[in-house]
Amino acid sequence: MSPKISVIVPAYNRPGDIEPVVKTIMAQTFQDFEIIIVDDASPDGGKVIAAAEAMIALYPAKIRLIKHASNRGAAAARNTGIKAAKGEFIALLDSDDEWFPHKLEVQLAALQANPDPATLCICDYLQIAKYGDDKTVTQRPSQKDDLKMDILYGRVYNICSNMLIRRSVFTPARMFDESFPTIAEDYDWVIRHILRGGNIIAINELLTIWKSELNKPYRNHLEALHKLRELHYDSIRNTLGVDASRHFIGGIHAHSLFVARQKKQWLKSAYHFAMMALTPPNFFRRLRNYLAHHLSLKTTH
């Protein structure tokens with residue numbers, strides 16, 4: 001009998017993350033799931049595979065391991081897992097993130113109560129810096145006035161580990177774009193979901209822990225964001241209107257500002273701040289939201 005949910009875990013060169021990520025999934029109150037770990041050809045001498053096989057030995061009925069012959073990126077690893085999935089629903093969990101125990105149960109109930117088969121469910125989450133001394137911040141997409149517009153503006157992150165969606169949504173034309181570097185491929189997918197008219201709901205409960213890291217150079221982030229602009233600006237403008245396209249461009253600069261600030265590139269930070277101010281409407285409200293999102297000094301205990 002097929003499981004209700006397939007949990008897809010891309011893994012690359014992080015053998016120490018395999019046991020914790022399996023444990024956070026196995027701790028779920030809803031247990032009708034399978035776990036598919038996709039090793040993206042990790043150059044670590046088979047340590048990721050060995051760690052995954054150790055978990056399979058503990059939970060042989062729950063876990064499958066798929067190995068890529070060559071490194072293809074996070075988008076390809078997710079696609080491989082989705083294509084192999086047997087569940088009616090797909091949950092995506094990056095190997096260094098965590099779930100609270102009720103995550104699958106609460107989101108599944110929300111989707112089953114929603115008549116739209118293309119509805120995407122996300123939830124509130126804790127944002128924790130994986131490295132450095134940034135504060136832990138509570139992020140609440142459920143409290144956004146216009147969730148789709150806030151996603152376009154870049155104020156809702158960590159879509160993958162927050163996501164629960166029916167497998168039927170992932171048709172061959174609606175998979176993750178494997179041409180993206182391992183930055184913003186999740187944002188790209190959600191933008192395409194919005195442009196197709198897909199619905200998005202957010203659960204007003206902390207269900208995910210996102211361990212954020214910015215270990216890639218500023219240039220790599222900027223290239224990914226430029227690609228997003230090239231792919232989606234015209235479609236957003238034509239489909240959702242001028243204000244939506246302006247929000248989208250403002251969001252690209254808001255994210256670029258966040259990365260530049262973390263990298264201590266102050267001139268670039270000033271440039272992106274100015275562009276974030278000049279591009280979309282309602283500057284002061286957006287500035288307040290940006291500061292609340294990125295610079296919050298509140299620590300969650």
# chains A, B, ... in the order shown; residues from 1 in each chain; ligands from 1
>>> residues_around(residues="Lys211 in chain A", least_positions_apart="6", cutoff="8 Å", atoms="only C-alpha atoms", output="number ranges by chain")
A: 96-97, 127-130
>>> write_last_selection(atoms="C-alpha atoms", output="tab-separated table (two decimals), in the first residue's frame")
chain	number	residue	atom	x	y	z
A	96	ASP	CA	20.09	20.61	7.61
A	97	ASP	CA	16.56	21.81	8.51
A	127	GLN	CA	15.01	31.24	11.13
A	128	ILE	CA	18.29	30.23	12.75
A	129	ALA	CA	21.73	31.17	11.41
A	130	LYS	CA	23.66	27.96	10.80
>>> select_by_dssp(residues="range 67-213 of chain A", states="helix (DSSP H, G or I)", output="ChimeraX atom specification")
/A:74-84,103-112,141-143,147-152,159-162,167-169,172-174,185-195
>>> write_last_selection(atoms="C-alpha atoms", output="compact mmCIF listing (two decimals), in the first residue's frame")
# COMPACT_ATOMS: atom_id res chain seq x y z
CA ALA A 74 19.53 20.56 -5.45
CA ALA A 75 16.78 21.08 -8.04
CA ALA A 76 17.70 17.85 -9.82
CA ALA A 77 17.91 15.95 -6.52
CA ARG A 78 14.41 17.10 -5.59
CA ASN A 79 13.10 16.18 -9.03
CA THR A 80 14.63 12.71 -8.77
CA GLY A 81 12.93 12.17 -5.43
CA ILE A 82 9.58 13.50 -6.63
CA LYS A 83 9.63 11.22 -9.71
CA ALA A 84 10.35 8.21 -7.49
CA LYS A 103 4.23 19.53 10.94
CA LEU A 104 2.95 16.85 8.60
CA GLU A 105 -0.24 16.23 10.57
CA VAL A 106 -1.29 19.89 10.61
CA GLN A 107 -0.46 20.62 6.99
CA LEU A 108 -2.08 17.44 5.72
CA ALA A 109 -5.31 18.30 7.52
CA ALA A 110 -5.25 21.80 5.99
CA LEU A 111 -4.78 20.48 2.44
CA GLN A 112 -7.39 17.76 2.80
CA PRO A 141 4.04 34.17 6.55
CA SER A 142 0.58 33.32 7.93
CA GLN A 143 0.23 36.92 9.10
CA LEU A 147 0.66 36.10 0.79
CA LYS A 148 1.28 35.86 -2.95
CA MET A 149 2.45 39.47 -3.16
CA ASP A 150 4.67 39.02 -0.13
CA ILE A 151 6.26 35.98 -1.76
CA LEU A 152 6.89 37.97 -4.93
CA ILE A 159 9.56 27.52 0.82
CA CYS A 160 11.02 24.02 0.31
CA SER A 161 11.26 22.81 3.91
CA ASN A 162 7.90 24.47 4.64
CA ARG A 167 2.25 15.03 -6.00
CA SER A 168 -0.11 15.58 -8.94
CA VAL A 169 1.01 19.22 -9.08
CA PRO A 172 6.79 17.03 -16.22
CA ALA A 173 6.39 20.71 -17.13
CA ARG A 174 6.14 21.77 -13.48
CA GLU A 185 15.48 27.37 -7.46
CA ASP A 186 12.76 27.08 -4.81
CA TYR A 187 11.77 30.73 -5.28
CA ASP A 188 11.61 30.18 -9.04
CA TRP A 189 9.28 27.20 -8.59
CA VAL A 190 6.91 29.10 -6.32
CA ILE A 191 6.80 32.10 -8.69
CA ARG A 192 5.80 29.74 -11.49
CA HIS A 193 3.19 28.22 -9.19
CA ILE A 194 1.74 31.70 -8.57
CA LEU A 195 1.78 32.59 -12.28
>>> closest_residue(among="A:Lys47, A:His255, A:His247, A:His68", to="Ala224 in chain A", atoms="only C-alpha atoms")
A:His255
>>> select_by_dssp(residues="range 102-179 of chain A", states="strand (DSSP E)", output="ChimeraX atom specification")
/A:120-129,137-139,164-166
>>> residues_around(residues="range 238-245 of chain A", least_positions_apart="2", cutoff="9 Å", atoms="only C-alpha atoms", output="PyMOL selection string")
chain A and resi 149+152-153+195+232-236+247-250+280-281
>>> closest_atom_pairs(of="range 260-283 of chain A", to="range 212-222 of chain A", cutoff="8 Å", atoms="only C-alpha atoms", output="Markdown table")
| residue | atom | partner | partner_atom | distance |
| --- | --- | --- | --- | --- |
| A:Ala260 | CA | A:Tyr218 | CA | 6.5 |
| A:Gln262 | CA | A:Leu214 | CA | 7.8 |
| A:Lys263 | CA | A:Tyr218 | CA | 7.2 |
>>> residues_around(residues="Leu206 in chain A", least_positions_apart="4", cutoff="8 Å", atoms="only C-alpha atoms", output="PyMOL selection string")
chain A and resi 100+123-126
>>> write_last_selection(atoms="N, CA and C atoms", output="JSON list (two decimals), in the first residue's frame")
[["chain", "number", "residue", "atom", "x", "y", "z"],
["A", 100, "PHE", "N", 8.96, 20.58, 13.51],
["A", 100, "PHE", "CA", 8.31, 20.30, 14.78],
["A", 100, "PHE", "C", 7.42, 19.06, 14.59],
["A", 123, "CYS", "N", 4.04, 27.19, 6.24],
["A", 123, "CYS", "CA", 3.76, 27.41, 7.65],
["A", 123, "CYS", "C", 4.73, 28.43, 8.23],
["A", 124, "ASP", "N", 4.46, 28.88, 9.44],
["A", 124, "ASP", "CA", 5.39, 29.75, 10.15],
["A", 124, "ASP", "C", 6.64, 28.94, 10.54],
["A", 125, "TYR", "N", 7.76, 29.64, 10.75],
["A", 125, "TYR", "CA", 9.00, 28.93, 11.01],
["A", 125, "TYR", "C", 9.97, 29.79, 11.83],
["A", 126, "LEU", "N", 10.95, 29.12, 12.39],
["A", 126, "LEU", "CA", 12.05, 29.79, 13.05],
["A", 126, "LEU", "C", 13.23, 29.87, 12.09]]
>>> atom_distance(atom1="CA of Arg14 in chain A", atom2="CA of Val48 in chain A")
6.4 Å
>>> residues_around(residues="Ala270 in chain A", least_positions_apart="6", cutoff="12 Å", atoms="only C-alpha atoms", output="number ranges by chain")
A: 253-254, 256-258, 260-261, 264, 276-277
>>> atom_distance(atom1="CA of Phe33 in chain A", atom2="CA of Thr138 in chain A")
27.7 Å
>>> residues_around(residues="range 197-202 of chain A", least_positions_apart="6", cutoff="6 Å", atoms="only C-alpha atoms", output="ChimeraX atom specification")
/A:118-123,142
>>> write_last_selection(atoms="N, CA and C atoms", output="mmCIF file, in the first residue's frame")
data_model
loop_
_atom_site.group_PDB
_atom_site.id
_atom_site.type_symbol
_atom_site.label_atom_id
_atom_site.label_comp_id
_atom_site.auth_asym_id
_atom_site.auth_seq_id
_atom_site.Cartn_x
_atom_site.Cartn_y
_atom_site.Cartn_z
ATOM 1 N N ALA A 118 -4.508 22.133 -6.409
ATOM 2 C CA ALA A 118 -3.218 22.770 -6.664
ATOM 3 C C ALA A 118 -2.762 23.673 -5.520
ATOM 4 N N THR A 119 -3.395 23.550 -4.371
ATOM 5 C CA THR A 119 -3.035 24.414 -3.244
ATOM 6 C C THR A 119 -1.703 23.985 -2.636
ATOM 7 N N LEU A 120 -0.838 24.950 -2.404
ATOM 8 C CA LEU A 120 0.441 24.760 -1.723
ATOM 9 C C LEU A 120 0.290 25.222 -0.279
ATOM 10 N N CYS A 121 0.741 24.399 0.664
ATOM 11 C CA CYS A 121 0.643 24.754 2.082
ATOM 12 C C CYS A 121 2.038 24.996 2.646
ATOM 13 N N ILE A 122 2.233 26.193 3.248
ATOM 14 C CA ILE A 122 3.459 26.486 3.980
ATOM 15 C C ILE A 122 3.068 26.819 5.421
ATOM 16 N N CYS A 123 4.038 27.187 6.242
ATOM 17 C CA CYS A 123 3.757 27.412 7.654
ATOM 18 C C CYS A 123 4.730 28.433 8.228
ATOM 19 N N SER A 142 2.025 33.415 7.729
ATOM 20 C CA SER A 142 0.581 33.317 7.932
ATOM 21 C C SER A 142 -0.046 34.661 8.280
#
>>> closest_residue(among="A:Ile252, A:Ile63, A:Val22, A:Ala11", to="Gly46 in chain A", atoms="only C-alpha atoms")
A:Ala11
>>> closest_residue(among="A:Gly87, A:Thr24, A:Ala52, A:Ser42", to="Met1 in chain A", atoms="only C-alpha atoms")
A:Gly87
>>> closest_residue(among="A:Arg166, A:Arg72, A:Arg140, A:His272", to="Ser179 in chain A", atoms="only C-alpha atoms")
A:Arg72
>>> closest_residue(among="A:Gly45, A:Pro60, A:Gly251, A:Gly73", to="Tyr12 in chain A", atoms="only C-alpha atoms")
A:Gly73
>>> decode(residues="range 201-222 of chain A", atoms="N, CA and C atoms", output="PDB file, in the first residue's frame")
ATOM      1  N   ILE A 201      -1.665  28.592   0.916  1.00  0.00           N
ATOM      2  CA  ILE A 201      -2.161  28.853   2.261  1.00  0.00           C
ATOM      3  C   ILE A 201      -1.014  28.690   3.244  1.00  0.00           C
ATOM      4  N   ALA A 202      -1.090  29.423   4.362  1.00  0.00           N
ATOM      5  CA  ALA A 202      -0.037  29.361   5.382  1.00  0.00           C
ATOM      6  C   ALA A 202      -0.669  29.030   6.729  1.00  0.00           C
ATOM      7  N   ILE A 203      -0.054  28.106   7.446  1.00  0.00           N
ATOM      8  CA  ILE A 203      -0.532  27.667   8.753  1.00  0.00           C
ATOM      9  C   ILE A 203       0.034  28.594   9.828  1.00  0.00           C
ATOM     10  N   ASN A 204      -0.837  29.100  10.675  1.00  0.00           N
ATOM     11  CA  ASN A 204      -0.436  30.014  11.743  1.00  0.00           C
ATOM     12  C   ASN A 204       0.093  29.227  12.944  1.00  0.00           C
ATOM     13  N   GLU A 205       1.196  28.527  12.710  1.00  0.00           N
ATOM     14  CA  GLU A 205       1.820  27.722  13.762  1.00  0.00           C
ATOM     15  C   GLU A 205       3.270  27.469  13.369  1.00  0.00           C
ATOM     16  N   LEU A 206       4.168  27.536  14.360  1.00  0.00           N
ATOM     17  CA  LEU A 206       5.572  27.251  14.100  1.00  0.00           C
ATOM     18  C   LEU A 206       5.747  25.751  13.890  1.00  0.00           C
ATOM     19  N   LEU A 207       6.131  25.371  12.666  1.00  0.00           N
ATOM     20  CA  LEU A 207       6.239  23.956  12.346  1.00  0.00           C
ATOM     21  C   LEU A 207       7.585  23.570  11.739  1.00  0.00           C
ATOM     22  N   THR A 208       8.415  24.559  11.389  1.00  0.00           N
ATOM     23  CA  THR A 208       9.685  24.288  10.716  1.00  0.00           C
ATOM     24  C   THR A 208      10.793  25.119  11.339  1.00  0.00           C
ATOM     25  N   ILE A 209      12.002  24.574  11.330  1.00  0.00           N
ATOM     26  CA  ILE A 209      13.204  25.321  11.706  1.00  0.00           C
ATOM     27  C   ILE A 209      14.098  25.392  10.475  1.00  0.00           C
ATOM     28  N   TRP A 210      14.344  26.599  10.016  1.00  0.00           N
ATOM     29  CA  TRP A 210      15.211  26.825   8.856  1.00  0.00           C
ATOM     30  C   TRP A 210      16.570  27.291   9.352  1.00  0.00           C
ATOM     31  N   LYS A 211      17.605  26.520   9.037  1.00  0.00           N
ATOM     32  CA  LYS A 211      18.969  26.887   9.409  1.00  0.00           C
ATOM     33  C   LYS A 211      19.603  27.591   8.205  1.00  0.00           C
ATOM     34  N   SER A 212      19.490  28.905   8.202  1.00  0.00           N
ATOM     35  CA  SER A 212      19.921  29.688   7.042  1.00  0.00           C
ATOM     36  C   SER A 212      21.436  29.806   7.000  1.00  0.00           C
ATOM     37  N   GLU A 213      21.953  29.827   5.809  1.00  0.00           N
ATOM     38  CA  GLU A 213      23.380  30.046   5.617  1.00  0.00           C
ATOM     39  C   GLU A 213      23.586  30.750   4.286  1.00  0.00           C
ATOM     40  N   LEU A 214      24.587  31.607   4.255  1.00  0.00           N
ATOM     41  CA  LEU A 214      24.930  32.336   3.034  1.00  0.00           C
ATOM     42  C   LEU A 214      26.389  32.037   2.702  1.00  0.00           C
ATOM     43  N   ASN A 215      26.652  30.760   2.426  1.00  0.00           N
ATOM     44  CA  ASN A 215      28.041  30.357   2.225  1.00  0.00           C
ATOM     45  C   ASN A 215      28.515  30.531   0.791  1.00  0.00           C
ATOM     46  N   LYS A 216      27.622  30.954  -0.091  1.00  0.00           N
ATOM     47  CA  LYS A 216      28.030  31.178  -1.473  1.00  0.00           C
ATOM     48  C   LYS A 216      28.323  32.663  -1.696  1.00  0.00           C
ATOM     49  N   PRO A 217      29.233  32.978  -2.626  1.00  0.00           N
ATOM     50  CA  PRO A 217      29.599  34.378  -2.853  1.00  0.00           C
ATOM     51  C   PRO A 217      28.411  35.242  -3.267  1.00  0.00           C
ATOM     52  N   TYR A 218      28.516  36.535  -2.967  1.00  0.00           N
ATOM     53  CA  TYR A 218      27.498  37.514  -3.357  1.00  0.00           C
ATOM     54  C   TYR A 218      27.216  37.433  -4.844  1.00  0.00           C
ATOM     55  N   ARG A 219      28.260  37.248  -5.652  1.00  0.00           N
ATOM     56  CA  ARG A 219      28.105  37.180  -7.110  1.00  0.00           C
ATOM     57  C   ARG A 219      27.155  36.052  -7.512  1.00  0.00           C
ATOM     58  N   ASN A 220      27.250  34.892  -6.851  1.00  0.00           N
ATOM     59  CA  ASN A 220      26.383  33.752  -7.182  1.00  0.00           C
ATOM     60  C   ASN A 220      24.921  34.065  -6.887  1.00  0.00           C
ATOM     61  N   HIS A 221      24.680  34.730  -5.755  1.00  0.00           N
ATOM     62  CA  HIS A 221      23.318  35.133  -5.419  1.00  0.00           C
ATOM     63  C   HIS A 221      22.781  36.096  -6.466  1.00  0.00           C
ATOM     64  N   LEU A 222      23.618  37.071  -6.855  1.00  0.00           N
ATOM     65  CA  LEU A 222      23.184  38.079  -7.802  1.00  0.00           C
ATOM     66  C   LEU A 222      22.858  37.454  -9.163  1.00  0.00           C
TER      67      LEU A 222
END
